[in-house]
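Trainee: This is the structure, below, for whatever I ask next.
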Amino acid sequence: MADAPRQTRPRSFQEVILRLQSYWAAQGCAVLQPYDMEVGAGTFHPATTLRSLGTRPWAAAYVQPSRRPTDGRYGDNPNRLQHYYQFQVLIKPSPPDLQDLYLGSLQAIGIDMAHHDIRFVEDDWESPTLGAWGLGWEVWCDGMEVSQFTYFQQVGGHDCHPVSGELTYGLERLAMYVLGIDHVMEMPFNAPDAAQPLTYGDVFRQTEAEYSRWNFDVADTEVLLRHFEEAEAECARILDRPAEDPVTGRRIVMAHPAYDQCIKASHIFNLLDARGVISVTERQAYIGRVRALAKLCADAFVQTEAGGAAA
Amino acid sequence: MPDLLIELFSEEIPARMQARAAADLKRLVTDGLVEAGLTYASAGAFHTPRRLALSVEGLSSESPDTREERKGPKVGAPDKAIEGFCRGAGVDRTALEVRDTGKAQVYFAVIAHKGRPAPDIVAEVLDHTVRHFPWPKSMRWGAGALRWVRPLQSILCLLTDEDGAQIVPLEIDGINAGNTTRGHRFMAPDAFAVTSFEDYEAKLKQAKVLLRAEERADHIRQEAVNLAFAAGLELVEDPGLLAEVAGLVEWPVVLMGEIDADFLHLPPEVLQTSMKEHQKFFSLRDKTGQITRFVTVANIAAPDGGSTILAGNQKVLAARLADARFFWDNDLRVARAGMQDWCDGLGAVTFHAKLGSQAERVTRIAALAREIAPHVGADPEQAQEAARIAKADLRSEMVGEFPELQGVMGRYYALEAGRSPEVADACRDHWKPMGQDDDVPSAPVSVAVALADKIDTLTGFWAIDEKPTGSKDPYALRRAALGVIRLLLAKQNKLSIQLLVATAHGSLTESFSREDRLCGRAENGNFKMLENFLTDFDETDPDYYVRISKDGGLGEDNHFRLRNSADVQEDLLAFFHDRLKVHLRGAGIRHDVIDACLAMEGADDLTLLVKRAEALETFLRTEDGENLIQGFKRANNILTQAEDADGVEYSFGADIRFAEDAAETALFAALDDADTRITPAMAAEDFAGAMAAMAGLRAPIDAFFEQVQINADSAVLRRNRLNLLSRIRTTCLAVADLRRIEG
């Protein structure tokens, strides 16, 4: 385990984030910024999904705002949010001391290993929409799940060689635990003694209500259905283009623009699900359609230089 | 004789896989050692969350030299052949021996295999074991190619004898075997060397690791019992949870916590399930059965005595129980309003694409339960009422969260809805028996609904031809059939399986015709238009069904042929008989005894069938029974041969006037006597009585065969004697088909 000096407890949500970023930066990760699209989880960021493919080494850490429309509770629930933050770390190949590095990150945010009960409890990860799975654990701290720890085995239908180690921290829950807060909306967002102290609720209570209403009752399902079809069609169309760009004469496989459409389709599916217009049988069909896109994008990415193809 | 110690140290192994993996390690390594020619005195395997360990004692230090002889070509065979043989056997031509096999002079090669030292063999066997380990799920990590359940971090492999410990040189995918391991992840993380198994176990204990899972489990259980006792409470035993928790910790520290008073009004099953499923907590209950506290097991001895850990766990629990209370409160509103919302909602839950929704099923089960009720001593109204709400809890939020609480919640909600205790109990118990070891309900209303539920399921799946095959039984139909068998036998119910199935089949076809979103049978006029869509549609087939699903789709599941009632009855009865054989084999009844009884009339009354089989089994264990079978078989064989040879059936007309011998006369009298006793006994289903009467035939039959020659010179005498044998057969076959008894 990295012998980190005993840390003081952070005082705010943003301090937890900042400490995680500094910690992983110090471990050699590129600290990226959130992806600029609506996603259901940090895994959807191309820095994870696509970069876990191919042979090139990779190490990145980033915060990713994530949306789960069905979890909306109008800002009333102490833990449930339709918009929340994940902190994501992806290192390829997974280093032999990844567990220790991870435990070091908990120390960095003020969790003292001697006083807490940290456990690695079996939890295999699977994303049917991404055609991805891995083995690992959910990490428990005193009985609470604080992270997901996964060794990717397959993404977009491709075997991962080498294997990436992925860490996902649910930031609100983790920060609430570290800060000793019971209701997410009461959590200090910035320093409590700042000139203008703000709570999580000051930032997000109103938006939670607005999006909950829109997600559940107002979103135009006809429009969403159309957008889904359009994203699906556009993804396929992009990848249908020959690799040779007629304008520049260079080989440009458009894996990322196509993957954007896959992300879009996935999020629209989540919205439709929240609107309750997808039946149980249809659900599987939609998931299969998104997975097909993810697979196409993965196929395309491994044809690119970043995906490990010879330049 | 060295001792071998192996430890495979990895990142956390899933609790549920550990015990099996330790057993596999022991089996694969010891088998490999023995196959390579080593012997050993004893072996033991151990597991913790981070290690599998194996200790082999008294291993031979090398494998013995062996000699192999190979027969080669004849002397004078072409040089090519002889040289090829030498190459294959790895011997020089000059070393070949010539032997006379009696037919020819033949070359023999004698190959000496030198014994190998134990370390070489151990290294080879362990390498193979690690690379081919049968994990249920395994993975790769980093840039390597090795598969293990989670990343394998180090290998300890030592051979220890009087001269000390020696590392077995071995390298697997970059991991070199050594003599070191590590202690507890947080309390003693440094590496240390060990010299033997005893040293290993002792040093691990110093390093806060209890190697033996039983020791960890015993410690957890004992501490939990003590803490409970001190608080005036009792531990709710849960062996499955205990084994799992023992697999999650290397150094168990048992802590007791409080459940917030806000949640104590929740049903104990809800508290227990939520705590177990989400938190892996044990429950503690008071004298009234209410669960008031929990026990959690930490993997660390914290300087504050665990108060921080406990506080954290309590907080998580409060959040979980807040969810449970939310479900409970919402559910109570629906229950108190009569549960109608749930009953209606079952229409939207598909049971099976071809068999329709849960609501349709409920209608069928209710009708069937009503029919069954009088036969099991239940009130038909109550049985029907119970069946109508028995599945309602499937729609409750609590069962949505914890499917294992179905039934249990049904009972609470039925009581809240003001239903009678009999009806409520049936809601809980109609799922039973869930398995071989589960209790069989005995309350009449519960029995009626439990039977109806299972018979409907079985009939439905047989009607759509989805029977279990081989190891595949996705709808647990074998369990359902065994459930029916146990329900019927427990109460000695004399229900005919065929009748039950016929009734269920009737309900099934009726429900297909009644539901308005179904088109029903082919006779239905609405049906005509479908001809255009369905290529294999046959309107003259009355068993052909078409269902129109809500979305109007006409997929493969929506049109199909239903197997007719008679076929389903016959097939299902055979299935029940198979299951019954398995069930009775467990109770010590031979399969041929069951076959002998299955051939008799009334075999669709399982209670009768079992009574007969039990009596026959008992009878066959007596000396009279054993000998009577021999006498019967002899009579039957002689008679069958004569009938085959003569082309006649000697089935009538044995006449005592032609009896010459005293033994012959005695047999006539004995058969008359047996018949007069067997007939009424059989009518009264007194099988023991009938068999006792049959036992009386043993001595006269034996005497008859001893003293009387069947194939007499006189054709009249011979015919009469054969007819007498036929009477033996007829009398005995009235009790059971003894021809099927083996031996």
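Numbering starts fresh at 1 for the residues of each chain in the structure tokens, the chains themselves are lettered A, B, ... in the order given, and ligands are numbered from 1 as they appear.
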Taking the DSSP secondary structure from the backbone, can you list the residues of segment 248-421 of chain B that are alpha helix (DSSP H), as a VMD selection string?

Mentor: chain B and resid 268 to 274 307 to 336 340 to 345 358 to 372 380 to 390 397 to 401 408 to 416 421

Trainee: So that I can check the surroundings of His375 of chain B, please list as a list in words every protein, DNA and RNA residue that reaches within 9 Å of it, counting only C-alpha atoms and ignoring chain neighbours fewer than 6 positions away.

Mentor: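 Residues meeting the cut-off are Ala448, Asn493, Lys494 and Leu495 of chain B.
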
Trainee: Report, in Å to a single decimal, how far apart atom CA of Asp393 of chain B and atom CA of Trp431 of chain B are.

Mentor: 12.3 Å

Trainee: Return the neighbours of chain A among the residues of chain B, cut-off 8 Å, counting only C-alpha atoms, as an mmCIF file with N, CA, C and O atoms, in the first residue's frame.

Mentor:
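File written: out26.cif
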```
data_model
loop_
_atom_site.group_PDB
_atom_site.id
_atom_site.type_symbol
_atom_site.label_atom_id
_atom_site.label_comp_id
_atom_site.auth_asym_id
_atom_site.auth_seq_id
_atom_site.Cartn_x
_atom_site.Cartn_y
_atom_site.Cartn_z
ATOM 1 N N GLU B 12 -8.782 -10.836 -3.766
ATOM 2 C CA GLU B 12 -9.900 -11.484 -3.075
ATOM 3 C C GLU B 12 -10.720 -12.456 -3.933
ATOM 4 O O GLU B 12 -11.297 -12.089 -4.955
ATOM 5 N N ILE B 13 -10.778 -13.692 -3.460
ATOM 6 C CA ILE B 13 -11.517 -14.772 -4.132
ATOM 7 C C ILE B 13 -12.979 -14.694 -3.685
ATOM 8 O O ILE B 13 -13.243 -14.596 -2.489
ATOM 9 N N PRO B 14 -13.930 -14.735 -4.622
ATOM 10 C CA PRO B 14 -15.337 -14.720 -4.212
ATOM 11 C C PRO B 14 -15.622 -15.793 -3.160
ATOM 12 O O PRO B 14 -15.176 -16.936 -3.295
ATOM 13 N N ALA B 15 -16.359 -15.400 -2.123
ATOM 14 C CA ALA B 15 -16.612 -16.298 -0.994
ATOM 15 C C ALA B 15 -17.228 -17.618 -1.451
ATOM 16 O O ALA B 15 -16.843 -18.684 -0.988
ATOM 17 N N MET B 139 -10.303 -15.044 -15.083
ATOM 18 C CA MET B 139 -9.998 -13.806 -15.806
ATOM 19 C C MET B 139 -8.499 -13.695 -16.084
ATOM 20 O O MET B 139 -7.679 -14.372 -15.494
ATOM 21 N N ARG B 140 -8.168 -12.788 -16.991
ATOM 22 C CA ARG B 140 -6.783 -12.398 -17.216
ATOM 23 C C ARG B 140 -6.605 -11.027 -16.565
ATOM 24 O O ARG B 140 -7.579 -10.340 -16.255
ATOM 25 N N TRP B 141 -5.345 -10.600 -16.398
ATOM 26 C CA TRP B 141 -5.080 -9.276 -15.848
ATOM 27 C C TRP B 141 -3.778 -8.772 -16.450
ATOM 28 O O TRP B 141 -2.998 -9.568 -16.995
ATOM 29 N N GLY B 142 -3.577 -7.455 -16.333
ATOM 30 C CA GLY B 142 -2.347 -6.879 -16.855
ATOM 31 C C GLY B 142 -2.127 -7.283 -18.300
ATOM 32 O O GLY B 142 -3.055 -7.357 -19.090
ATOM 33 N N ALA B 143 -0.866 -7.567 -18.621
ATOM 34 C CA ALA B 143 -0.556 -7.945 -19.994
ATOM 35 C C ALA B 143 -0.322 -9.444 -20.107
ATOM 36 O O ALA B 143 0.115 -9.937 -21.135
ATOM 37 N N GLY B 144 -0.624 -10.173 -19.037
ATOM 38 C CA GLY B 144 -0.333 -11.606 -19.023
ATOM 39 C C GLY B 144 -1.408 -12.444 -19.691
ATOM 40 O O GLY B 144 -2.445 -11.942 -20.121
ATOM 41 N N ARG B 150 -8.984 -14.187 -9.749
ATOM 42 C CA ARG B 150 -8.610 -12.783 -9.658
ATOM 43 C C ARG B 150 -7.082 -12.806 -9.764
ATOM 44 O O ARG B 150 -6.497 -13.877 -9.636
ATOM 45 N N GLN B 153 -1.033 -13.390 -7.117
ATOM 46 C CA GLN B 153 0.091 -12.516 -6.771
ATOM 47 C C GLN B 153 1.358 -13.255 -6.387
ATOM 48 O O GLN B 153 2.445 -12.812 -6.697
ATOM 49 N N PHE B 186 -4.483 -5.354 6.157
ATOM 50 C CA PHE B 186 -4.266 -4.082 6.850
ATOM 51 C C PHE B 186 -3.468 -4.228 8.147
ATOM 52 O O PHE B 186 -2.696 -3.365 8.505
ATOM 53 N N MET B 187 -3.645 -5.337 8.849
ATOM 54 C CA MET B 187 -3.040 -5.439 10.168
ATOM 55 C C MET B 187 -1.623 -6.010 10.147
ATOM 56 O O MET B 187 -0.869 -5.796 11.089
ATOM 57 N N LEU B 248 -15.423 -14.068 3.734
ATOM 58 C CA LEU B 248 -15.183 -12.652 3.444
ATOM 59 C C LEU B 248 -14.135 -12.039 4.355
ATOM 60 O O LEU B 248 -13.743 -10.893 4.172
ATOM 61 N N GLN B 279 -26.497 -6.474 3.474
ATOM 62 C CA GLN B 279 -25.379 -6.181 4.377
ATOM 63 C C GLN B 279 -24.653 -7.413 4.888
ATOM 64 O O GLN B 279 -23.651 -7.292 5.559
ATOM 65 N N ALA B 298 -16.633 -7.750 11.014
ATOM 66 C CA ALA B 298 -15.618 -6.925 10.374
ATOM 67 C C ALA B 298 -14.368 -7.770 10.159
ATOM 68 O O ALA B 298 -14.211 -8.835 10.757
ATOM 69 N N ASN B 299 -13.485 -7.260 9.310
ATOM 70 C CA ASN B 299 -12.255 -7.988 8.999
ATOM 71 C C ASN B 299 -11.055 -7.311 9.646
ATOM 72 O O ASN B 299 -9.930 -7.501 9.215
ATOM 73 N N ILE B 300 -11.306 -6.544 10.670
ATOM 74 C CA ILE B 300 -10.191 -5.807 11.264
ATOM 75 C C ILE B 300 -10.499 -5.501 12.728
ATOM 76 O O ILE B 300 -11.661 -5.261 13.079
ATOM 77 N N ALA B 302 -10.183 -2.783 15.101
ATOM 78 C CA ALA B 302 -9.892 -1.349 15.049
ATOM 79 C C ALA B 302 -9.546 -0.853 16.452
ATOM 80 O O ALA B 302 -10.048 -1.378 17.447
ATOM 81 N N PRO B 303 -8.702 0.175 16.517
ATOM 82 C CA PRO B 303 -8.275 0.674 17.834
ATOM 83 C C PRO B 303 -9.440 1.209 18.680
ATOM 84 O O PRO B 303 -9.349 1.216 19.907
ATOM 85 N N ASP B 304 -10.527 1.641 18.025
ATOM 86 C CA ASP B 304 -11.649 2.167 18.813
ATOM 87 C C ASP B 304 -12.654 1.074 19.176
ATOM 88 O O ASP B 304 -13.789 1.361 19.536
ATOM 89 N N GLY B 306 -14.086 -0.871 17.215
ATOM 90 C CA GLY B 306 -15.051 -1.095 16.136
ATOM 91 C C GLY B 306 -16.212 -0.123 16.142
ATOM 92 O O GLY B 306 -17.168 -0.305 15.371
ATOM 93 N N THR B 308 -16.431 2.970 15.105
ATOM 94 C CA THR B 308 -16.581 3.684 13.830
ATOM 95 C C THR B 308 -17.208 2.755 12.785
ATOM 96 O O THR B 308 -18.119 3.148 12.056
ATOM 97 N N ILE B 309 -16.695 1.527 12.760
ATOM 98 C CA ILE B 309 -17.197 0.545 11.794
ATOM 99 C C ILE B 309 -18.676 0.287 12.034
ATOM 100 O O ILE B 309 -19.495 0.263 11.100
ATOM 101 N N LEU B 310 -19.025 0.111 13.299
ATOM 102 C CA LEU B 310 -20.416 -0.176 13.634
ATOM 103 C C LEU B 310 -21.317 1.008 13.273
ATOM 104 O O LEU B 310 -22.407 0.832 12.713
ATOM 105 N N GLY B 312 -20.864 3.197 10.964
ATOM 106 C CA GLY B 312 -21.021 3.221 9.512
ATOM 107 C C GLY B 312 -22.022 2.186 9.052
ATOM 108 O O GLY B 312 -22.922 2.467 8.260
ATOM 109 N N ASN B 313 -21.882 0.972 9.567
ATOM 110 C CA ASN B 313 -22.796 -0.095 9.182
ATOM 111 C C ASN B 313 -24.238 0.240 9.555
ATOM 112 O O ASN B 313 -25.166 -0.036 8.801
ATOM 113 N N VAL B 316 -25.695 2.662 7.060
ATOM 114 C CA VAL B 316 -26.067 2.015 5.799
ATOM 115 C C VAL B 316 -27.349 1.219 5.990
ATOM 116 O O VAL B 316 -28.257 1.244 5.153
#
```

Trainee: Give me, as a VMD selection string, all polymer residues having an atom no more than 9 Å from Ala322 of chain B, counting only C-alpha atoms and skipping those fewer than 4 positions away in the same chain.

Mentor: chain B and resid 262 to 263 317 to 318 326 to 327

Trainee: Atom CA of Ser396 of chain B to atom CA of Val447 of chain B: how many Å, to one decimal?

Mentor: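 So the two atoms, atom CA of Ser396 of chain B and atom CA of Val447 of chain B, lie 23.7 Å apart.
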
Trainee: Find the distance between atom CA of Ile741 of chain B and atom CA of Asp592 of chain B and write it in Å to one decimal.

Mentor: 5.3 Å

Trainee: Got a sec: who's within 7 Å of Val168 of chain B, counting only C-alpha atoms, leaving out chain neighbours fewer than 3 positions off, as JSON, numbers by chain?

Mentor: {"B": [119, 123, 157, 158, 159, 177]}

Trainee: I want to know what sits within 7 Å of Ile594 of chain B, based on only C-alpha atoms, with residues of the same chain fewer than 3 positions away left out; could you give that as a PDB file with all heavy atoms, in the first residue's frame?

Mentor:
```
ATOM      1  N   LYS B 581     -40.569 -42.809  -8.497  1.00  0.00           N
ATOM      2  CA  LYS B 581     -39.511 -43.813  -8.336  1.00  0.00           C
ATOM      3  C   LYS B 581     -38.297 -43.189  -7.662  1.00  0.00           C
ATOM      4  O   LYS B 581     -37.713 -43.765  -6.756  1.00  0.00           O
ATOM      5  CB  LYS B 581     -39.085 -44.366  -9.704  1.00  0.00           C
ATOM      6  CG  LYS B 581     -39.995 -45.438 -10.223  1.00  0.00           C
ATOM      7  CD  LYS B 581     -39.378 -46.045 -11.476  1.00  0.00           C
ATOM      8  CE  LYS B 581     -40.464 -46.658 -12.328  1.00  0.00           C
ATOM      9  NZ  LYS B 581     -39.958 -47.117 -13.615  1.00  0.00           N
ATOM     10  N   ARG B 590     -37.228 -50.474  -3.744  1.00  0.00           N
ATOM     11  CA  ARG B 590     -36.554 -50.864  -4.982  1.00  0.00           C
ATOM     12  C   ARG B 590     -37.371 -50.464  -6.202  1.00  0.00           C
ATOM     13  O   ARG B 590     -38.591 -50.465  -6.174  1.00  0.00           O
ATOM     14  CB  ARG B 590     -36.357 -52.385  -4.997  1.00  0.00           C
ATOM     15  CG  ARG B 590     -35.252 -52.844  -4.094  1.00  0.00           C
ATOM     16  CD  ARG B 590     -35.446 -54.274  -3.649  1.00  0.00           C
ATOM     17  NE  ARG B 590     -35.872 -55.145  -4.740  1.00  0.00           N
ATOM     18  CZ  ARG B 590     -36.127 -56.452  -4.587  1.00  0.00           C
ATOM     19  NH1 ARG B 590     -36.021 -57.009  -3.382  1.00  0.00           N
ATOM     20  NH2 ARG B 590     -36.491 -57.196  -5.601  1.00  0.00           N
ATOM     21  N   HIS B 591     -36.649 -50.173  -7.289  1.00  0.00           N
ATOM     22  CA  HIS B 591     -37.372 -49.719  -8.480  1.00  0.00           C
ATOM     23  C   HIS B 591     -38.228 -50.829  -9.079  1.00  0.00           C
ATOM     24  O   HIS B 591     -39.302 -50.590  -9.607  1.00  0.00           O
ATOM     25  CB  HIS B 591     -36.392 -49.159  -9.517  1.00  0.00           C
ATOM     26  CG  HIS B 591     -35.540 -50.204 -10.143  1.00  0.00           C
ATOM     27  ND1 HIS B 591     -35.855 -50.771 -11.344  1.00  0.00           N
ATOM     28  CD2 HIS B 591     -34.405 -50.811  -9.716  1.00  0.00           C
ATOM     29  CE1 HIS B 591     -34.930 -51.682 -11.646  1.00  0.00           C
ATOM     30  NE2 HIS B 591     -34.045 -51.721 -10.670  1.00  0.00           N
ATOM     31  N   CYS B 597     -45.830 -52.609  -8.998  1.00  0.00           N
ATOM     32  CA  CYS B 597     -47.064 -51.970  -8.540  1.00  0.00           C
ATOM     33  C   CYS B 597     -47.641 -51.038  -9.604  1.00  0.00           C
ATOM     34  O   CYS B 597     -48.857 -50.872  -9.703  1.00  0.00           O
ATOM     35  CB  CYS B 597     -46.815 -51.203  -7.250  1.00  0.00           C
ATOM     36  SG  CYS B 597     -46.266 -52.276  -5.926  1.00  0.00           S
ATOM     37  N   LEU B 598     -46.740 -50.415 -10.401  1.00  0.00           N
ATOM     38  CA  LEU B 598     -47.203 -49.505 -11.449  1.00  0.00           C
ATOM     39  C   LEU B 598     -48.072 -50.232 -12.460  1.00  0.00           C
ATOM     40  O   LEU B 598     -48.971 -49.643 -13.051  1.00  0.00           O
ATOM     41  CB  LEU B 598     -45.996 -48.905 -12.204  1.00  0.00           C
ATOM     42  CG  LEU B 598     -45.288 -47.754 -11.532  1.00  0.00           C
ATOM     43  CD1 LEU B 598     -44.112 -47.299 -12.379  1.00  0.00           C
ATOM     44  CD2 LEU B 598     -46.261 -46.597 -11.344  1.00  0.00           C
ATOM     45  N   ALA B 613     -46.681 -50.511  -2.829  1.00  0.00           N
ATOM     46  CA  ALA B 613     -45.238 -50.719  -2.958  1.00  0.00           C
ATOM     47  C   ALA B 613     -44.591 -50.954  -1.598  1.00  0.00           C
ATOM     48  O   ALA B 613     -43.715 -51.805  -1.448  1.00  0.00           O
ATOM     49  CB  ALA B 613     -44.599 -49.513  -3.642  1.00  0.00           C
TER      50      ALA B 613
END
```

Trainee: Using only C-alpha atoms, can you tell me which of A:Tyr169, A:Phe269, A:Phe149, A:Tyr259 comes closest to Asp299 of chain A?

Mentor: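 Comparing A:Tyr169, A:Phe269, A:Phe149, A:Tyr259 against Asp299 of chain A, the winner is A:Tyr259.
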
Trainee: Taking the DSSP secondary structure from the backbone, can you list the residues of segment 224-390 of chain B that are strand (DSSP E or B), as a ChimeraX atom specification?

Mentor: /B:234-235,253-258,282-285,291-298,350-352,356-357

Trainee: Would you output that residue set with N, CA and C atoms, as a CSV table (one decimal), in the first residue's frame?

Mentor:
```
chain,number,residue,atom,x,y,z
B,234,GLU,N,-31.5,-14.0,20.9
B,234,GLU,CA,-31.1,-15.3,20.3
B,234,GLU,C,-30.7,-15.1,18.9
B,235,LEU,N,-29.6,-15.8,18.5
B,235,LEU,CA,-29.1,-15.7,17.1
B,235,LEU,C,-30.1,-16.4,16.2
B,253,VAL,N,-14.0,-10.1,13.3
B,253,VAL,CA,-14.2,-9.4,14.5
B,253,VAL,C,-15.7,-9.1,14.5
B,254,VAL,N,-16.4,-9.7,15.5
B,254,VAL,CA,-17.8,-9.8,15.5
B,254,VAL,C,-18.4,-8.6,16.3
B,255,LEU,N,-19.3,-7.8,15.7
B,255,LEU,CA,-19.8,-6.6,16.4
B,255,LEU,C,-21.3,-6.7,16.4
B,256,MET,N,-21.9,-6.2,17.5
B,256,MET,CA,-23.4,-6.2,17.6
B,256,MET,C,-23.9,-4.8,17.5
B,257,GLY,N,-25.0,-4.6,16.7
B,257,GLY,CA,-25.5,-3.2,16.5
B,257,GLY,C,-27.0,-3.2,16.7
B,258,GLU,N,-27.5,-2.0,16.8
B,258,GLU,CA,-28.9,-1.8,17.1
B,258,GLU,C,-29.7,-1.5,15.8
B,282,PHE,N,-26.2,-10.9,10.4
B,282,PHE,CA,-27.0,-11.9,11.1
B,282,PHE,C,-28.1,-11.1,11.9
B,283,SER,N,-29.2,-11.8,12.1
B,283,SER,CA,-30.3,-11.2,12.9
B,283,SER,C,-30.3,-11.8,14.3
B,284,LEU,N,-30.7,-11.0,15.2
B,284,LEU,CA,-30.9,-11.4,16.6
B,284,LEU,C,-32.3,-11.1,17.0
B,285,ARG,N,-33.0,-12.1,17.6
B,285,ARG,CA,-34.4,-11.9,17.9
B,285,ARG,C,-34.7,-12.0,19.4
B,291,ILE,N,-37.2,-9.3,15.5
B,291,ILE,CA,-35.7,-9.0,15.4
B,291,ILE,C,-35.4,-7.6,15.8
B,292,THR,N,-34.5,-7.5,16.7
B,292,THR,CA,-34.2,-6.1,17.3
B,292,THR,C,-32.8,-5.7,17.1
B,293,ARG,N,-31.9,-6.6,16.9
B,293,ARG,CA,-30.5,-6.2,16.7
B,293,ARG,C,-29.9,-7.0,15.6
B,294,PHE,N,-28.6,-6.6,15.3
B,294,PHE,CA,-27.9,-7.4,14.2
B,294,PHE,C,-26.5,-7.7,14.7
B,295,VAL,N,-25.9,-8.6,14.0
B,295,VAL,CA,-24.5,-8.9,14.2
B,295,VAL,C,-23.8,-8.7,12.8
B,296,THR,N,-22.7,-7.9,12.8
B,296,THR,CA,-21.9,-7.8,11.6
B,296,THR,C,-20.5,-8.3,11.9
B,297,VAL,N,-19.8,-8.7,10.9
B,297,VAL,CA,-18.5,-9.3,11.1
B,297,VAL,C,-17.5,-8.4,10.3
B,298,ALA,N,-16.6,-7.7,11.0
B,298,ALA,CA,-15.6,-6.9,10.4
B,298,ALA,C,-14.4,-7.8,10.2
B,350,THR,N,-46.4,-11.4,-17.6
B,350,THR,CA,-46.5,-12.6,-18.5
B,350,THR,C,-45.9,-13.8,-17.7
B,351,PHE,N,-46.7,-14.9,-17.6
B,351,PHE,CA,-46.1,-16.1,-17.0
B,351,PHE,C,-45.3,-16.9,-18.0
B,352,HIS,N,-45.9,-17.0,-19.1
B,352,HIS,CA,-45.2,-17.7,-20.3
B,352,HIS,C,-45.9,-17.2,-21.5
B,356,GLY,N,-49.9,-17.5,-21.2
B,356,GLY,CA,-50.6,-16.3,-20.8
B,356,GLY,C,-50.1,-15.6,-19.6
B,357,SER,N,-50.9,-14.7,-19.0
B,357,SER,CA,-50.4,-13.9,-17.9
B,357,SER,C,-50.7,-14.6,-16.6
```

Trainee: May I have the residues within 10 Å of segment 641-649 of chain B as a list of chain:residue names, using only C-alpha atoms and disregarding those fewer than 2 positions away in the same chain?

Mentor: B:Asn636, B:Asn637, B:Ile638, B:Leu639, B:Ser651, B:Phe652, B:Asn711, B:Arg719, B:Leu722, B:Asn723, B:Ser726
